[in-house]
Structures are given as C-alpha cells and as structure tokens.
Amino acid sequence: MGWVVLLPTAAVWWVINRKVSPKRPGLATMVSIATMALAWIAGCGLAYTFAGRWIATIVSSWAGGGLARITGEPGIRAGFVIAVTLLAVLIAVVDIAQDRRADGGAQFSAFFMPTLLALVVGGTLGETGGGAVQSVTSQVAMLVSQIGGA
C-alpha cells in the first residue's frame, strides 16, 4: 500500500524539482514548501514499504545494534536511533537556514524522516515501551556522572 503513495508523490516531487524554477521570491517560498510537503508525503509512503523496513533495519539493528555490541550498552541502540532522527532534523534546519530554500539536504531529510520517526515511536521505543526513554536517560546520566566524577 505504501507504493501507492510513494510512487505518484515522488513523481510529482521530481517534476517540481526539475521543471519549476520560480523567479519571484514569494513564489520560490511556496515551491519550497510544496517540495518539502511532497518529500514528507513520499517518505510516509516509503515507511510502509519493504524499502522503509529495510532502512529501519539498517539504522536500528545493524548500526544501532553494532554500536550496542561494541560499547556493551544495550540502551545505546535506542539512543542511536533518536540521534539519527535528530541529525536529520538538524540537516533540514541548517539547509533551509543557509539559503532560505528547501533544496537537496532538507528534502532528503524530509523524505527519510517518517521512516525514522516510525522507528523511534513504533520500533525501538515501542519494543520496550516508555521504559526505553527512562533507560536511555538513566544511562546518559550515569555516563555524565562518571565523567564528572573522574
């Protein structure tokens, strides 16, 4: 079902990126808002496809799980997914703040954000419920206190 949303929205998004180049500043802002909205909607479709599940598995199990095995801290997996999500938000904000246009980086972030948010809410945090937030918070607090106490 996700492909039904992803493919037509991505096609319209691609056409707007390639063919529409407004000259007036007000119209450029509207095109930027439209492309961000289309990227977000296409990303929502991606989240419900096997490709979205594949991306979520790479971020959570492969990268987050690998980091958890290396450090020996199982709570790092949840923290890593949250950090990747916040990094995507930061990329979008910095890209838009740089030139007041939603171009490459911002659209890329908006496209993958629904998959990352679904992973945070329904995946990593959903596996352990509200206890994951408390676990990550307590582990970070313990790390900070160890750094301060050393």
# chains A, B, ... in the order shown; residues from 1 in each chain; ligands from 1

call {"tool": "residues_around", "arguments": {"residues": "Met36 of chain A", "least_positions_apart": "2", "cutoff": "8 Å", "atoms": "only C-alpha atoms", "output": "PyMOL selection string"}}
result
chain A and resi 32-34+38-40+102+106-107+110

call {"tool": "write_last_selection", "arguments": {"atoms": "all heavy atoms", "output": "tab-separated table (two decimals), in the first residue's frame"}}
result
chain	number	residue	atom	x	y	z
A	32	SER	N	9.21	25.89	-2.34
A	32	SER	CA	9.98	25.20	-1.30
A	32	SER	C	9.07	24.47	-0.32
A	32	SER	O	9.34	23.34	0.06
A	32	SER	CB	10.86	26.19	-0.55
A	32	SER	OG	11.92	26.63	-1.35
A	33	ILE	N	8.00	25.12	0.08
A	33	ILE	CA	7.04	24.49	0.99
A	33	ILE	C	6.39	23.28	0.32
A	33	ILE	O	6.24	22.22	0.94
A	33	ILE	CB	5.99	25.51	1.47
A	33	ILE	CG1	6.65	26.54	2.37
A	33	ILE	CG2	4.84	24.81	2.19
A	33	ILE	CD1	5.77	27.73	2.71
A	34	ALA	N	6.04	23.43	-0.95
A	34	ALA	CA	5.40	22.32	-1.67
A	34	ALA	C	6.36	21.14	-1.82
A	34	ALA	O	5.96	19.98	-1.63
A	34	ALA	CB	4.93	22.79	-3.04
A	38	LEU	N	5.78	17.45	-0.32
A	38	LEU	CA	5.80	16.27	-1.18
A	38	LEU	C	6.86	15.27	-0.74
A	38	LEU	O	6.64	14.06	-0.78
A	38	LEU	CB	6.03	16.67	-2.64
A	38	LEU	CG	4.83	17.35	-3.31
A	38	LEU	CD1	5.25	17.95	-4.65
A	38	LEU	CD2	3.69	16.37	-3.49
A	39	ALA	N	8.01	15.77	-0.30
A	39	ALA	CA	9.06	14.87	0.20
A	39	ALA	C	8.57	14.14	1.44
A	39	ALA	O	8.80	12.93	1.60
A	39	ALA	CB	10.33	15.66	0.51
A	40	TRP	N	7.89	14.85	2.33
A	40	TRP	CA	7.35	14.23	3.55
A	40	TRP	C	6.30	13.17	3.20
A	40	TRP	O	6.31	12.07	3.74
A	40	TRP	CB	6.76	15.31	4.44
A	40	TRP	CG	6.11	14.75	5.66
A	40	TRP	CD1	4.80	14.45	5.83
A	40	TRP	CD2	6.74	14.40	6.89
A	40	TRP	NE1	4.58	13.95	7.08
A	40	TRP	CE2	5.76	13.91	7.75
A	40	TRP	CE3	8.06	14.46	7.34
A	40	TRP	CZ2	6.04	13.46	9.03
A	40	TRP	CZ3	8.33	14.03	8.62
A	40	TRP	CH2	7.33	13.54	9.46
A	102	ALA	N	14.38	25.14	0.37
A	102	ALA	CA	14.37	23.72	0.74
A	102	ALA	C	14.89	22.93	-0.45
A	102	ALA	O	14.13	22.43	-1.26
A	102	ALA	CB	12.97	23.29	1.12
A	106	ALA	N	17.54	19.34	2.79
A	106	ALA	CA	16.26	19.44	3.50
A	106	ALA	C	15.25	18.45	2.95
A	106	ALA	O	14.51	17.80	3.71
A	106	ALA	CB	15.72	20.86	3.40
A	107	GLN	N	15.20	18.30	1.63
A	107	GLN	CA	14.27	17.35	1.03
A	107	GLN	C	14.66	15.91	1.36
A	107	GLN	O	13.80	15.08	1.60
A	107	GLN	CB	14.21	17.56	-0.48
A	107	GLN	CG	13.56	18.88	-0.86
A	107	GLN	CD	13.56	19.09	-2.35
A	107	GLN	OE1	13.67	18.16	-3.14
A	107	GLN	NE2	13.43	20.34	-2.75
A	110	ALA	N	13.52	15.33	4.89
A	110	ALA	CA	12.06	15.21	4.95
A	110	ALA	C	11.59	13.88	4.38
A	110	ALA	O	10.61	13.31	4.85
A	110	ALA	CB	11.40	16.37	4.20

call {"tool": "residues_around", "arguments": {"residues": "Trp62 of chain A", "least_positions_apart": "6", "cutoff": "12 Å", "atoms": "only C-alpha atoms", "output": "NGL selection string"}}
result
:A and (54-56 or 68-70 or 77 or 80-81)

call {"tool": "write_last_selection", "arguments": {"atoms": "all heavy atoms", "output": "PDB file, in the first residue's frame"}}
result
ATOM      1  N   TRP A  54      13.586  -1.990   5.408  1.00  0.00           N
ATOM      2  CA  TRP A  54      14.988  -2.284   5.200  1.00  0.00           C
ATOM      3  C   TRP A  54      15.868  -1.159   5.766  1.00  0.00           C
ATOM      4  O   TRP A  54      16.860  -1.413   6.444  1.00  0.00           O
ATOM      5  CB  TRP A  54      15.220  -2.481   3.707  1.00  0.00           C
ATOM      6  CG  TRP A  54      16.600  -2.867   3.322  1.00  0.00           C
ATOM      7  CD1 TRP A  54      17.220  -4.058   3.572  1.00  0.00           C
ATOM      8  CD2 TRP A  54      17.540  -2.063   2.624  1.00  0.00           C
ATOM      9  NE1 TRP A  54      18.488  -4.031   3.050  1.00  0.00           N
ATOM     10  CE2 TRP A  54      18.710  -2.812   2.457  1.00  0.00           C
ATOM     11  CE3 TRP A  54      17.492  -0.770   2.104  1.00  0.00           C
ATOM     12  CZ2 TRP A  54      19.830  -2.329   1.817  1.00  0.00           C
ATOM     13  CZ3 TRP A  54      18.605  -0.287   1.460  1.00  0.00           C
ATOM     14  CH2 TRP A  54      19.753  -1.056   1.327  1.00  0.00           C
ATOM     15  N   ILE A  55      15.478   0.089   5.502  1.00  0.00           N
ATOM     16  CA  ILE A  55      16.212   1.246   6.039  1.00  0.00           C
ATOM     17  C   ILE A  55      16.153   1.238   7.559  1.00  0.00           C
ATOM     18  O   ILE A  55      17.162   1.483   8.235  1.00  0.00           O
ATOM     19  CB  ILE A  55      15.650   2.552   5.450  1.00  0.00           C
ATOM     20  CG1 ILE A  55      15.964   2.632   3.954  1.00  0.00           C
ATOM     21  CG2 ILE A  55      16.209   3.769   6.175  1.00  0.00           C
ATOM     22  CD1 ILE A  55      15.197   3.707   3.224  1.00  0.00           C
ATOM     23  N   ALA A  56      14.978   0.951   8.106  1.00  0.00           N
ATOM     24  CA  ALA A  56      14.831   0.907   9.564  1.00  0.00           C
ATOM     25  C   ALA A  56      15.697  -0.194  10.166  1.00  0.00           C
ATOM     26  O   ALA A  56      16.297  -0.013  11.230  1.00  0.00           O
ATOM     27  CB  ALA A  56      13.365   0.686   9.934  1.00  0.00           C
ATOM     28  N   ALA A  68      25.771  -0.975  20.008  1.00  0.00           N
ATOM     29  CA  ALA A  68      25.454  -1.531  21.329  1.00  0.00           C
ATOM     30  C   ALA A  68      26.380  -2.703  21.667  1.00  0.00           C
ATOM     31  O   ALA A  68      26.796  -2.854  22.813  1.00  0.00           O
ATOM     32  CB  ALA A  68      23.996  -1.980  21.377  1.00  0.00           C
ATOM     33  N   ARG A  69      26.694  -3.539  20.682  1.00  0.00           N
ATOM     34  CA  ARG A  69      27.622  -4.651  20.928  1.00  0.00           C
ATOM     35  C   ARG A  69      29.042  -4.152  21.196  1.00  0.00           C
ATOM     36  O   ARG A  69      29.738  -4.690  22.048  1.00  0.00           O
ATOM     37  CB  ARG A  69      27.611  -5.613  19.741  1.00  0.00           C
ATOM     38  CG  ARG A  69      26.396  -6.520  19.712  1.00  0.00           C
ATOM     39  CD  ARG A  69      26.519  -7.581  18.631  1.00  0.00           C
ATOM     40  NE  ARG A  69      26.568  -7.025  17.278  1.00  0.00           N
ATOM     41  CZ  ARG A  69      25.501  -6.670  16.570  1.00  0.00           C
ATOM     42  NH1 ARG A  69      24.295  -6.803  17.090  1.00  0.00           N
ATOM     43  NH2 ARG A  69      25.629  -6.179  15.345  1.00  0.00           N
ATOM     44  N   ILE A  70      29.458  -3.119  20.474  1.00  0.00           N
ATOM     45  CA  ILE A  70      30.813  -2.585  20.668  1.00  0.00           C
ATOM     46  C   ILE A  70      30.959  -1.973  22.048  1.00  0.00           C
ATOM     47  O   ILE A  70      31.949  -2.206  22.734  1.00  0.00           O
ATOM     48  CB  ILE A  70      31.140  -1.540  19.576  1.00  0.00           C
ATOM     49  CG1 ILE A  70      31.316  -2.236  18.232  1.00  0.00           C
ATOM     50  CG2 ILE A  70      32.395  -0.745  19.929  1.00  0.00           C
ATOM     51  CD1 ILE A  70      31.422  -1.287  17.056  1.00  0.00           C
ATOM     52  N   ARG A  77      21.341   1.485  21.546  1.00  0.00           N
ATOM     53  CA  ARG A  77      20.569   1.236  20.322  1.00  0.00           C
ATOM     54  C   ARG A  77      19.426   2.233  20.192  1.00  0.00           C
ATOM     55  O   ARG A  77      19.239   2.837  19.130  1.00  0.00           O
ATOM     56  CB  ARG A  77      20.041  -0.192  20.334  1.00  0.00           C
ATOM     57  CG  ARG A  77      19.294  -0.567  19.103  1.00  0.00           C
ATOM     58  CD  ARG A  77      18.904  -2.024  19.156  1.00  0.00           C
ATOM     59  NE  ARG A  77      17.967  -2.312  18.091  1.00  0.00           N
ATOM     60  CZ  ARG A  77      17.141  -3.321  18.087  1.00  0.00           C
ATOM     61  NH1 ARG A  77      17.142  -4.169  19.098  1.00  0.00           N
ATOM     62  NH2 ARG A  77      16.321  -3.512  17.090  1.00  0.00           N
ATOM     63  N   PHE A  80      20.870   5.715  19.637  1.00  0.00           N
ATOM     64  CA  PHE A  80      21.400   5.908  18.287  1.00  0.00           C
ATOM     65  C   PHE A  80      20.285   6.262  17.308  1.00  0.00           C
ATOM     66  O   PHE A  80      20.454   7.156  16.473  1.00  0.00           O
ATOM     67  CB  PHE A  80      22.138   4.652  17.821  1.00  0.00           C
ATOM     68  CG  PHE A  80      22.706   4.772  16.438  1.00  0.00           C
ATOM     69  CD1 PHE A  80      23.856   5.496  16.228  1.00  0.00           C
ATOM     70  CD2 PHE A  80      22.086   4.166  15.360  1.00  0.00           C
ATOM     71  CE1 PHE A  80      24.385   5.631  14.955  1.00  0.00           C
ATOM     72  CE2 PHE A  80      22.599   4.291  14.092  1.00  0.00           C
ATOM     73  CZ  PHE A  80      23.752   5.016  13.878  1.00  0.00           C
ATOM     74  N   VAL A  81      19.156   5.573  17.402  1.00  0.00           N
ATOM     75  CA  VAL A  81      18.033   5.857  16.508  1.00  0.00           C
ATOM     76  C   VAL A  81      17.517   7.276  16.744  1.00  0.00           C
ATOM     77  O   VAL A  81      17.228   8.011  15.791  1.00  0.00           O
ATOM     78  CB  VAL A  81      16.910   4.817  16.694  1.00  0.00           C
ATOM     79  CG1 VAL A  81      15.688   5.184  15.897  1.00  0.00           C
ATOM     80  CG2 VAL A  81      17.411   3.435  16.305  1.00  0.00           C
TER      81      VAL A  81
END

call {"tool": "closest_residue", "arguments": {"among": "A:Gly26, A:Pro8, A:Gly45, A:Gly79", "to": "Val59 of chain A", "atoms": "only C-alpha atoms"}}
result
A:Gly79

call {"tool": "residues_around", "arguments": {"residues": "segment 96-101 of chain A", "least_positions_apart": "3", "cutoff": "9 Å", "atoms": "only C-alpha atoms", "output": "list in words"}}
result
Ala28, Thr29, Val31, Ser32, Ile33, Ile91, Ala92, Val93, Gly105 and Ala106 of chain A

call {"tool": "closest_residue", "arguments": {"among": "A:Ile41, A:Ala141, A:Leu46, A:Ala83", "to": "Ala63 of chain A", "atoms": "only C-alpha atoms"}}
result
A:Ala83

call {"tool": "closest_residue", "arguments": {"among": "A:Ile147, A:Leu7, A:Val121, A:Leu116", "to": "Ile58 of chain A", "atoms": "only C-alpha atoms"}}
result
A:Leu116

call {"tool": "closest_residue", "arguments": {"among": "A:Pro74, A:Gln139, A:Gly52, A:Gly104", "to": "Leu117 of chain A", "atoms": "only C-alpha atoms"}}
result
A:Gly52

call {"tool": "atom_distance", "arguments": {"atom1": "atom CA of Ala37 of chain A", "atom2": "atom CA of Thr9 of chain A"}}
result
9.8 Å

call {"tool": "atom_distance", "arguments": {"atom1": "atom CA of Ser138 of chain A", "atom2": "atom CA of Glu73 of chain A"}}
result
11.9 Å

call {"tool": "closest_residue", "arguments": {"among": "A:Phe111, A:Cys44, A:Thr35, A:Val94", "to": "Val20 of chain A", "atoms": "only C-alpha atoms"}}
result
A:Thr35

call {"tool": "atom_distance", "arguments": {"atom1": "atom CA of Trp13 of chain A", "atom2": "atom CA of Ser60 of chain A"}}
result
27.9 Å
